[in-house]
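Shown next: query.json, containing JSON, C-alpha atoms.
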```json
[["chain", "number", "residue", "atom", "x", "y", "z"],
["M", 1, "MET", "CA", 19.13, 16.27, -12.82],
["M", 2, "ASN", "CA", 18.42, 13.98, -15.80],
["M", 3, "ASP", "CA", 15.05, 12.52, -16.79],
["M", 4, "THR", "CA", 15.66, 9.25, -14.94],
["M", 5, "SER", "CA", 16.40, 11.00, -11.64],
["M", 6, "ARG", "CA", 13.44, 13.32, -12.12],
["M", 7, "ASP", "CA", 11.17, 10.35, -12.85],
["M", 8, "GLN", "CA", 12.34, 8.54, -9.71],
["M", 9, "GLY", "CA", 11.89, 11.68, -7.64],
["M", 10, "LEU", "CA", 8.31, 12.04, -8.87],
["M", 11, "GLY", "CA", 7.66, 8.38, -8.08],
["M", 12, "ILE", "CA", 9.01, 8.80, -4.55],
["M", 13, "LEU", "CA", 6.86, 11.88, -3.92],
["M", 14, "ALA", "CA", 3.74, 10.17, -5.30],
["M", 15, "VAL", "CA", 4.18, 7.11, -3.04],
["M", 16, "LEU", "CA", 4.97, 9.35, -0.07],
["M", 17, "PHE", "CA", 1.72, 11.30, -0.57],
["M", 18, "ALA", "CA", -0.20, 8.03, -0.84],
["M", 19, "ALA", "CA", 1.31, 6.78, 2.42],
["M", 20, "LEU", "CA", 0.41, 10.05, 4.17],
["M", 21, "VAL", "CA", -3.28, 9.79, 3.28],
["M", 22, "TRP", "CA", -3.32, 6.06, 4.04],
["M", 23, "GLY", "CA", -2.10, 6.91, 7.52],
["M", 24, "THR", "CA", -5.42, 8.66, 8.20],
["M", 25, "THR", "CA", -7.57, 5.55, 7.69],
["M", 26, "GLY", "CA", -7.23, 4.06, 11.17],
["M", 27, "THR", "CA", -8.17, 7.32, 12.88],
["M", 28, "ALA", "CA", -11.05, 7.87, 10.43],
["M", 29, "ALA", "CA", -12.41, 4.41, 11.21],
["M", 30, "THR", "CA", -12.62, 5.28, 14.92],
["M", 31, "PHE", "CA", -15.35, 7.80, 14.05],
["M", 32, "ALA", "CA", -17.59, 4.90, 13.01],
["M", 33, "PRO", "CA", -17.05, 2.35, 15.81],
["M", 34, "GLU", "CA", -20.32, 0.54, 15.13],
["M", 35, "VAL", "CA", -19.24, -0.27, 11.56],
["M", 36, "GLY", "CA", -17.42, -3.60, 11.42],
["M", 37, "ALA", "CA", -13.90, -4.07, 10.08],
["M", 38, "ALA", "CA", -15.12, -6.05, 7.06],
["M", 39, "ALA", "CA", -17.57, -3.30, 6.14],
["M", 40, "ILE", "CA", -14.93, -0.58, 6.52],
["M", 41, "GLY", "CA", -12.47, -2.49, 4.36],
["M", 42, "ALA", "CA", -15.03, -3.42, 1.72],
["M", 43, "ALA", "CA", -16.33, 0.14, 1.45],
["M", 44, "ALA", "CA", -12.89, 1.72, 1.35],
["M", 45, "MET", "CA", -11.10, -0.59, -1.06],
["M", 46, "GLY", "CA", -14.18, -1.85, -2.89],
["M", 47, "LEU", "CA", -15.71, 1.49, -3.80],
["M", 48, "GLY", "CA", -12.31, 3.09, -4.26],
["M", 49, "GLY", "CA", -11.29, 0.26, -6.59],
["M", 50, "LEU", "CA", -14.42, 0.57, -8.69],
["M", 51, "LEU", "CA", -13.84, 4.31, -9.00],
["M", 52, "GLN", "CA", -10.33, 3.63, -10.27],
["M", 53, "ALA", "CA", -11.71, 1.20, -12.82],
["M", 54, "LEU", "CA", -14.29, 3.75, -14.00],
["M", 55, "ARG", "CA", -11.64, 6.45, -14.27],
["M", 56, "ALA", "CA", -9.49, 4.18, -16.46],
["M", 57, "GLY", "CA", -12.46, 2.64, -18.29],
["M", 58, "ARG", "CA", -11.57, 3.68, -21.82],
["M", 59, "GLY", "CA", -7.95, 2.70, -21.40],
["M", 60, "ILE", "CA", -8.97, -0.67, -19.95],
["M", 61, "LEU", "CA", -11.23, -1.36, -22.94],
["M", 62, "ARG", "CA", -8.43, -0.51, -25.38],
["M", 63, "ALA", "CA", -5.99, -2.68, -23.44],
["M", 64, "LEU", "CA", -8.22, -5.77, -23.14],
["M", 65, "PRO", "CA", -5.98, -7.91, -25.39],
["M", 66, "ASP", "CA", -2.92, -7.04, -23.30],
["M", 67, "LEU", "CA", -4.84, -7.63, -20.08],
["M", 68, "ALA", "CA", -6.03, -11.01, -21.36],
["M", 69, "ARG", "CA", -2.44, -12.01, -22.16],
["M", 70, "ASN", "CA", -1.43, -11.11, -18.62],
["M", 71, "ARG", "CA", -4.57, -12.44, -16.94],
["M", 72, "ARG", "CA", -2.68, -14.47, -14.32],
["M", 73, "LEU", "CA", -0.97, -11.37, -12.95],
["M", 74, "LEU", "CA", -4.23, -9.43, -13.18],
["M", 75, "ILE", "CA", -6.36, -12.00, -11.35],
["M", 76, "LEU", "CA", -3.70, -12.60, -8.70],
["M", 77, "GLY", "CA", -3.49, -8.86, -8.06],
["M", 78, "GLY", "CA", -7.27, -8.50, -7.95],
["M", 79, "VAL", "CA", -7.63, -11.27, -5.36],
["M", 80, "ALA", "CA", -4.84, -9.70, -3.28],
["M", 81, "VAL", "CA", -6.63, -6.34, -3.42],
["M", 82, "ALA", "CA", -9.81, -7.97, -2.12],
["M", 83, "VAL", "CA", -8.10, -9.80, 0.75],
["M", 84, "TYR", "CA", -5.90, -6.88, 1.84],
["M", 85, "PRO", "CA", -8.50, -4.52, 3.40],
["M", 86, "LEU", "CA", -10.30, -7.33, 5.21],
["M", 87, "ALA", "CA", -7.02, -8.42, 6.81],
["M", 88, "PHE", "CA", -5.78, -4.87, 7.45],
["M", 89, "TYR", "CA", -8.88, -3.45, 9.10],
["M", 90, "GLY", "CA", -9.48, -6.70, 10.95],
["M", 91, "SER", "CA", -5.95, -6.42, 12.33],
["M", 92, "MET", "CA", -6.57, -2.85, 13.52],
["M", 93, "ARG", "CA", -9.82, -3.82, 15.23],
["M", 94, "LEU", "CA", -8.26, -6.78, 17.04],
["M", 95, "ALA", "CA", -4.78, -5.45, 17.88],
["M", 96, "GLY", "CA", -5.33, -1.69, 17.84],
["M", 97, "VAL", "CA", -4.84, 1.02, 15.23],
["M", 98, "THR", "CA", -1.10, 1.47, 15.66],
["M", 99, "ILE", "CA", -0.14, -2.18, 16.06],
["M", 100, "GLY", "CA", -2.35, -3.26, 13.15],
["M", 101, "THR", "CA", -0.88, -0.59, 10.91],
["M", 102, "VAL", "CA", 2.67, -1.26, 12.07],
["M", 103, "VAL", "CA", 2.52, -5.02, 11.45],
["M", 104, "THR", "CA", 0.76, -4.73, 8.09],
["M", 105, "ILE", "CA", 2.82, -1.95, 6.58],
["M", 106, "GLY", "CA", 6.03, -2.92, 8.35],
["M", 107, "SER", "CA", 6.05, -6.46, 6.99],
["M", 108, "ALA", "CA", 5.31, -5.40, 3.41],
["M", 109, "PRO", "CA", 8.79, -4.17, 2.34],
["M", 110, "LEU", "CA", 10.56, -7.38, 3.29],
["M", 111, "LEU", "CA", 7.80, -9.52, 1.78],
["M", 112, "SER", "CA", 7.87, -7.38, -1.37],
["M", 113, "ALA", "CA", 11.64, -7.79, -1.68],
["M", 114, "LEU", "CA", 11.26, -11.54, -1.15],
["M", 115, "ILE", "CA", 8.66, -11.72, -3.93],
["M", 116, "GLU", "CA", 10.93, -9.77, -6.28],
["M", 117, "ARG", "CA", 13.87, -11.97, -5.37],
["M", 118, "ILE", "CA", 11.98, -15.24, -5.97],
["M", 119, "PHE", "CA", 10.06, -14.35, -9.12],
["M", 120, "ASP", "CA", 12.22, -11.67, -10.76],
["M", 121, "GLY", "CA", 15.69, -12.57, -9.54],
["M", 122, "THR", "CA", 16.19, -9.01, -8.30],
["M", 123, "ARG", "CA", 19.33, -8.42, -6.27],
["M", 124, "LEU", "CA", 18.88, -6.44, -3.09],
["M", 125, "SER", "CA", 21.45, -3.77, -2.34],
["M", 126, "ALA", "CA", 23.12, -3.45, 1.04],
["M", 127, "ARG", "CA", 21.78, 0.12, 1.26],
["M", 128, "TRP", "CA", 18.19, -1.03, 0.69],
["M", 129, "LEU", "CA", 18.61, -3.78, 3.30],
["M", 130, "ALA", "CA", 19.98, -1.25, 5.80],
["M", 131, "GLY", "CA", 17.05, 1.08, 5.12],
["M", 132, "ALA", "CA", 14.47, -1.69, 5.41],
["M", 133, "LEU", "CA", 15.91, -3.02, 8.65],
["M", 134, "THR", "CA", 16.03, 0.52, 10.06],
["M", 135, "GLY", "CA", 12.37, 1.01, 9.17],
["M", 136, "VAL", "CA", 11.34, -2.33, 10.60],
["M", 137, "ALA", "CA", 13.21, -1.52, 13.82],
["M", 138, "GLY", "CA", 11.32, 1.76, 13.95],
["M", 139, "ILE", "CA", 7.90, 0.20, 13.54],
["M", 140, "LEU", "CA", 8.74, -2.46, 16.14],
["M", 141, "LEU", "CA", 9.58, 0.31, 18.60],
["M", 142, "LEU", "CA", 6.30, 2.01, 17.72],
["M", 143, "CYS", "CA", 4.43, -1.25, 18.22],
["M", 144, "LEU", "CA", 6.04, -2.00, 21.58],
["M", 145, "ALA", "CA", 5.63, 1.58, 22.78],
["M", 146, "GLU", "CA", 1.97, 1.65, 21.83],
["M", 147, "GLY", "CA", 1.31, -1.71, 23.41],
["M", 148, "GLY", "CA", 3.05, -0.75, 26.64],
["M", 149, "ALA", "CA", 1.38, 2.64, 26.87],
["M", 150, "GLY", "CA", -2.19, 1.84, 26.10],
["M", 151, "ARG", "CA", -2.98, -1.83, 26.65],
["M", 152, "GLY", "CA", -3.93, -3.78, 29.72],
["M", 153, "ALA", "CA", -3.29, -7.42, 30.38],
["M", 154, "SER", "CA", -6.72, -8.39, 29.07],
["M", 155, "ASP", "CA", -5.82, -6.91, 25.69],
["M", 156, "THR", "CA", -2.68, -8.96, 25.14],
["M", 157, "GLY", "CA", -4.24, -12.35, 24.57],
["M", 158, "ASP", "CA", -5.67, -14.21, 21.62],
["M", 159, "ALA", "CA", -7.22, -11.11, 20.02],
["M", 160, "VAL", "CA", -3.88, -9.34, 19.69],
["M", 161, "ILE", "CA", -2.18, -12.49, 18.38],
["M", 162, "ALA", "CA", -4.95, -12.92, 15.82],
["M", 163, "GLY", "CA", -4.62, -9.24, 14.91],
["M", 164, "ILE", "CA", -0.89, -9.64, 14.31],
["M", 165, "GLY", "CA", -1.58, -12.69, 12.13],
["M", 166, "LEU", "CA", -4.09, -10.73, 10.08],
["M", 167, "GLY", "CA", -1.57, -7.92, 9.81],
["M", 168, "LEU", "CA", 0.98, -10.30, 8.28],
["M", 169, "ILE", "CA", -1.62, -11.48, 5.78],
["M", 170, "GLY", "CA", -2.34, -7.83, 5.00],
["M", 171, "GLY", "CA", 1.36, -7.10, 4.52],
["M", 172, "PHE", "CA", 1.75, -10.05, 2.14],
["M", 173, "THR", "CA", -1.27, -9.13, 0.02],
["M", 174, "TYR", "CA", -0.15, -5.48, -0.08],
["M", 175, "ALA", "CA", 3.28, -6.57, -1.32],
["M", 176, "LEU", "CA", 1.67, -9.00, -3.77],
["M", 177, "TYR", "CA", -0.67, -6.55, -5.52],
["M", 178, "SER", "CA", 2.12, -3.96, -5.65],
["M", 179, "TRP", "CA", 4.30, -6.50, -7.45],
["M", 180, "THR", "CA", 1.56, -7.64, -9.86],
["M", 181, "ALA", "CA", 0.56, -4.07, -10.72],
["M", 182, "ARG", "CA", 4.15, -3.10, -11.45],
["M", 183, "GLY", "CA", 4.54, -6.30, -13.47],
["M", 184, "LEU", "CA", 1.62, -5.22, -15.67],
["M", 185, "MET", "CA", 3.23, -1.81, -16.13],
["M", 186, "LEU", "CA", 6.54, -3.39, -17.12],
["M", 187, "ARG", "CA", 4.66, -5.36, -19.76],
["M", 188, "GLY", "CA", 3.57, -2.17, -21.49],
["M", 189, "LEU", "CA", 0.33, -1.26, -19.70],
["M", 190, "ARG", "CA", -0.16, 2.29, -18.50],
["M", 191, "SER", "CA", -0.24, 2.96, -14.78],
["M", 192, "SER", "CA", -3.92, 3.98, -14.79],
["M", 193, "VAL", "CA", -4.92, 0.84, -16.72],
["M", 194, "ALA", "CA", -2.88, -1.56, -14.59],
["M", 195, "MET", "CA", -4.15, -0.09, -11.34],
["M", 196, "GLY", "CA", -7.71, 0.42, -12.57],
["M", 197, "ALA", "CA", -8.07, -3.14, -13.83],
["M", 198, "THR", "CA", -6.44, -4.69, -10.76],
["M", 199, "PHE", "CA", -8.45, -2.64, -8.28],
["M", 200, "GLY", "CA", -11.61, -2.99, -10.34],
["M", 201, "ILE", "CA", -11.45, -6.78, -9.95],
["M", 202, "GLY", "CA", -10.73, -6.40, -6.25],
["M", 203, "GLY", "CA", -13.61, -3.96, -5.90],
["M", 204, "LEU", "CA", -16.04, -6.35, -7.58],
["M", 205, "LEU", "CA", -14.94, -9.17, -5.28],
["M", 206, "LEU", "CA", -15.57, -6.93, -2.25],
["M", 207, "MET", "CA", -19.10, -5.88, -3.25],
["M", 208, "PRO", "CA", -20.81, -9.00, -1.78],
["M", 209, "VAL", "CA", -18.94, -8.37, 1.48],
["M", 210, "LEU", "CA", -20.16, -4.76, 1.51],
["M", 211, "ALA", "CA", -23.73, -5.87, 0.75],
["M", 212, "MET", "CA", -23.70, -8.29, 3.70],
["M", 213, "THR", "CA", -21.97, -6.04, 6.24],
["M", 214, "GLY", "CA", -22.51, -2.45, 5.12],
["M", 215, "ALA", "CA", -25.91, -1.68, 6.70],
["M", 216, "PRO", "CA", -24.36, 0.37, 9.56],
["M", 217, "PHE", "CA", -23.12, 2.92, 7.00],
["M", 218, "LEU", "CA", -26.78, 3.87, 6.45],
["M", 219, "ALA", "CA", -27.50, 4.24, 10.17],
["M", 220, "SER", "CA", -26.10, 7.77, 10.44],
["M", 221, "TRP", "CA", -24.57, 10.56, 8.36],
["M", 222, "GLY", "CA", -21.38, 10.23, 10.39],
["M", 223, "ASN", "CA", -20.94, 6.60, 9.40],
["M", 224, "ALA", "CA", -21.71, 7.42, 5.78],
["M", 225, "ALA", "CA", -19.19, 10.28, 5.81],
["M", 226, "VAL", "CA", -16.46, 7.93, 7.06],
["M", 227, "GLY", "CA", -17.19, 5.47, 4.26],
["M", 228, "ILE", "CA", -17.20, 8.21, 1.61],
["M", 229, "TYR", "CA", -13.94, 9.70, 2.88],
["M", 230, "MET", "CA", -12.21, 6.30, 3.00],
["M", 231, "ALA", "CA", -13.27, 5.45, -0.55],
["M", 232, "LEU", "CA", -12.48, 8.83, -2.14],
["M", 233, "VAL", "CA", -9.31, 10.07, -0.44],
["M", 234, "PRO", "CA", -7.07, 7.26, 0.87],
["M", 235, "MET", "CA", -8.23, 4.58, -1.55],
["M", 236, "PHE", "CA", -9.11, 6.42, -4.77],
["M", 237, "LEU", "CA", -6.76, 9.39, -4.70],
["M", 238, "GLY", "CA", -4.08, 7.59, -2.69],
["M", 239, "TYR", "CA", -3.89, 4.62, -5.04],
["M", 240, "ILE", "CA", -3.84, 6.82, -8.12],
["M", 241, "CYS", "CA", -0.67, 8.36, -6.69],
["M", 242, "PHE", "CA", 0.65, 4.93, -5.68],
["M", 243, "GLY", "CA", 0.18, 3.73, -9.26],
["M", 244, "LEU", "CA", 2.09, 6.73, -10.57],
["M", 245, "GLY", "CA", 4.88, 5.86, -8.16],
["M", 246, "LEU", "CA", 4.97, 2.16, -9.11],
["M", 247, "ALA", "CA", 5.44, 3.14, -12.75],
["M", 248, "ARG", "CA", 8.69, 4.88, -11.75],
["M", 249, "ILE", "CA", 10.23, 2.96, -8.83],
["M", 250, "PRO", "CA", 10.45, -0.74, -7.84],
["M", 251, "ALA", "CA", 7.70, -2.25, -5.70],
["M", 252, "SER", "CA", 10.19, -2.97, -2.91],
["M", 253, "MET", "CA", 11.16, 0.71, -2.73],
["M", 254, "ALA", "CA", 7.51, 1.81, -2.85],
["M", 255, "THR", "CA", 6.50, -0.46, 0.01],
["M", 256, "THR", "CA", 9.52, 0.69, 2.01],
["M", 257, "ILE", "CA", 8.60, 4.36, 1.55],
["M", 258, "SER", "CA", 5.10, 3.51, 2.76],
["M", 259, "LEU", "CA", 6.61, 2.76, 6.18],
["M", 260, "ILE", "CA", 5.78, 6.42, 6.89],
["M", 261, "GLU", "CA", 2.12, 5.34, 7.16],
["M", 262, "PRO", "CA", 2.39, 3.94, 10.73],
["M", 263, "VAL", "CA", 4.15, 7.12, 11.79],
["M", 264, "VAL", "CA", 1.24, 9.20, 10.50],
["M", 265, "ALA", "CA", -1.21, 6.79, 12.13],
["M", 266, "ALA", "CA", 0.56, 7.08, 15.49],
["M", 267, "ILE", "CA", 0.73, 10.89, 15.36],
["M", 268, "LEU", "CA", -2.95, 11.18, 14.44],
["M", 269, "ALA", "CA", -3.84, 8.74, 17.22],
["M", 270, "ILE", "CA", -2.12, 11.14, 19.63],
["M", 271, "LEU", "CA", -3.53, 14.38, 18.24],
["M", 272, "VAL", "CA", -7.06, 13.25, 17.36],
["M", 273, "VAL", "CA", -7.91, 10.10, 19.31],
["M", 274, "GLY", "CA", -6.05, 11.15, 22.45],
["M", 275, "GLU", "CA", -3.56, 8.30, 22.70],
["M", 276, "ARG", "CA", -0.11, 8.92, 24.18],
["M", 277, "LEU", "CA", 3.22, 7.92, 22.68],
["M", 278, "PRO", "CA", 6.13, 7.28, 25.07],
["M", 279, "PRO", "CA", 9.77, 8.15, 24.24],
["M", 280, "ALA", "CA", 10.41, 4.73, 22.68],
["M", 281, "GLY", "CA", 7.60, 5.44, 20.24],
["M", 282, "TRP", "CA", 9.17, 8.75, 19.22],
["M", 283, "ALA", "CA", 12.46, 6.92, 18.74],
["M", 284, "GLY", "CA", 10.60, 4.60, 16.37],
["M", 285, "VAL", "CA", 9.29, 7.61, 14.46],
["M", 286, "GLY", "CA", 12.87, 8.85, 14.08],
["M", 287, "LEU", "CA", 14.05, 5.48, 12.76],
["M", 288, "VAL", "CA", 11.28, 5.37, 10.16],
["M", 289, "ILE", "CA", 12.22, 8.84, 8.95],
["M", 290, "ALA", "CA", 15.86, 7.70, 8.77],
["M", 291, "CYS", "CA", 14.72, 4.70, 6.76],
["M", 292, "LEU", "CA", 13.08, 6.98, 4.21],
["M", 293, "ALA", "CA", 16.29, 8.98, 3.85],
["M", 294, "ILE", "CA", 18.40, 5.85, 3.40],
["M", 295, "VAL", "CA", 16.10, 4.30, 0.80],
["M", 296, "THR", "CA", 15.17, 7.34, -1.27],
["M", 297, "LEU", "CA", 18.41, 9.32, -1.53],
["M", 298, "PRO", "CA", 20.28, 6.69, -3.57],
["M", 299, "ALA", "CA", 17.47, 6.69, -6.12],
["M", 300, "ARG", "CA", 18.16, 10.33, -6.83],
["M", 301, "ARG", "CA", 21.90, 9.80, -7.11],
["M", 302, "ARG", "CA", 22.02, 6.81, -9.45],
["M", 303, "GLN", "CA", 21.65, 8.50, -12.82],
["M", 304, "GLY", "CA", 22.82, 5.76, -15.14],
["M", 305, "GLN", "CA", 20.99, 2.79, -13.69],
["M", 306, "PRO", "CA", 17.82, 1.66, -15.49],
["M", 307, "LEU", "CA", 14.60, 1.96, -13.52],
["M", 308, "ARG", "CA", 13.13, -1.36, -14.58],
["M", 309, "THR", "CA", 15.55, -3.75, -12.96],
["M", 310, "ALA", "CA", 12.75, -6.11, -11.91],
["M", 311, "ARG", "CA", 11.46, -6.77, -15.43],
["M", 312, "PRO", "CA", 10.58, -10.40, -16.07],
["M", 313, "ALA", "CA", 12.72, -12.25, -18.57],
["M", 314, "ALA", "CA", 10.02, -12.56, -21.22],
["M", 315, "THR", "CA", 7.19, -10.24, -22.16],
["M", 316, "SER", "CA", 4.64, -10.48, -24.93],
["M", 317, "SER", "CA", 2.60, -7.31, -24.98],
["M", 318, "GLY", "CA", 4.68, -4.70, -26.72],
["M", 319, "PRO", "CA", 7.01, -1.94, -25.67],
["M", 320, "GLU", "CA", 7.15, -0.39, -22.21],
["M", 321, "ARG", "CA", 5.55, 2.95, -21.53],
["M", 322, "PRO", "CA", 6.55, 5.45, -18.86]]
```
The structure in this file should be written as structure tokens.
Amino acid sequence: MNDTSRDQGLGILAVLFAALVWGTTGTAATFAPEVGAAAIGAAAMGLGGLLQALRAGRGILRALPDLARNRRLLILGGVAVAVYPLAFYGSMRLAGVTIGTVVTIGSAPLLSALIERIFDGTRLSARWLAGALTGVAGILLLCLAEGGAGRGASDTGDAVIAGIGLGLIGGFTYALYSWTARGLMLRGLRSSVAMGATFGIGGLLLMPVLAMTGAPFLASWGNAAVGIYMALVPMFLGYICFGLGLARIPASMATTISLIEPVVAAILAILVVGERLPPAGWAGVGLVIACLAIVTLPARRRQGQPLRTARPAATSSGPERP
């Protein structure tokens, strides 16, 4: 195995770990039902983002000239980071944990590929398209199975439709900040700096939301523990790993690998929350796993192909770094 294949393999494993811990967020949020979706999202992504910025503080200070030259990407990514958790957790509260996760994460790979196609001119392989469609089919089965198993007629109205709409917004912003962060890396910024600066801006934008909605976190130790867990594990540790992955694989591949998140969410909903998953749901789980195999195996086989196929035509901030 050469260095390129090893680098891609590490990127795949890093994104996979991130998706696994992200899959715990919906179940964790059920342990603080009196905390609103906006507060959960602001605490998780806001505090987690600020921690990332603090961790990369020295590197961010040294890279300020490069960040200033790429300020459009940086600001766009920061705004996307701020919008994403509000849409994602709002979707889960309105449409349910599994459906909210499925719509948000399931729409991200196709939206990510569309962004890369429009702005970077990236060509999409037939194998990637097959893997993405397989994964989307899997999450649709999960969504339909969950809806049929656990929802009554009163739950299928405007709230669910609004939740699906928020999920699509969440999927777009997830794809968008993944693309901007990778774009910063391809312009010579280290993974920790690109992610720390992007998420630091998003975290700052979320602080007023947390100040206005976060009082329930102080009502009990249980609520506080949920907020601390969400900020430290899925958002801080998870996004550190996601950044390591984005430095090594395209954003479209990373968002496709993250399709494992709804599978984890569904399994935890069964084991911890007590929900039931019918056979169609398990078929969806199988399709998502098949999607991961289709998308990731080619990355390990293509030894001569450059990693950075989505690099913009012109850059101005020096050589790339791994």
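Look at segment 19-35 of chain M: the protein and nucleic acid residues within 8 Å of it, using all atoms listed in the file and passing over chain neighbours fewer than 6 places away, are Tyr89, Met92, Val97, Thr101, Gly214, Pro216, Phe217, Gly222, Asn223, Val226, Met230, Val233, Pro234, Met235, Gly238, Ile257, Ser258, Leu259, Ile260, Glu261, Pro262, Val263, Val264, Ala265, Leu268, Ala269, Val272 and Val273 of chain M.
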Would you mind listing, for every residue of segment 34-64 of chain M within 10 Å of segment 239-248 of chain M, the two atoms forming the shortest contact and the distance between them in Å to one decimal, using all atoms listed in the file, sorted by chain and ascending residue number, as CSV?
```
residue,atom,partner,partner_atom,distance
M:Met45,CA,M:Tyr239,CA,9.7
M:Gly48,CA,M:Tyr239,CA,8.6
M:Gly49,CA,M:Tyr239,CA,8.7
M:Gln52,CA,M:Ile240,CA,7.5
M:Arg55,CA,M:Ile240,CA,9.9
```
One decimal, Å: what's the distance from atom CA of Arg123 of chain M over to atom CA of Leu176 of chain M, could you say? 17.8 Å
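Restricting the calculation to only C-alpha atoms, the smallest distance between Gly183 of chain M and any of M:Gly171, M:Gly36, M:Gly135, M:Gly77 is found for M:Gly77.
Taking only C-alpha atoms into account, Leu111 of chain M lies nearest to M:Gly170 out of the set M:Gly203, M:Gly131, M:Gly78, M:Gly170.
Counting only C-alpha atoms, the residue from M:Ala137, M:Leu76, M:Ile99, M:Leu50 that sits nearest to Gly286 of chain M is M:Ala137.
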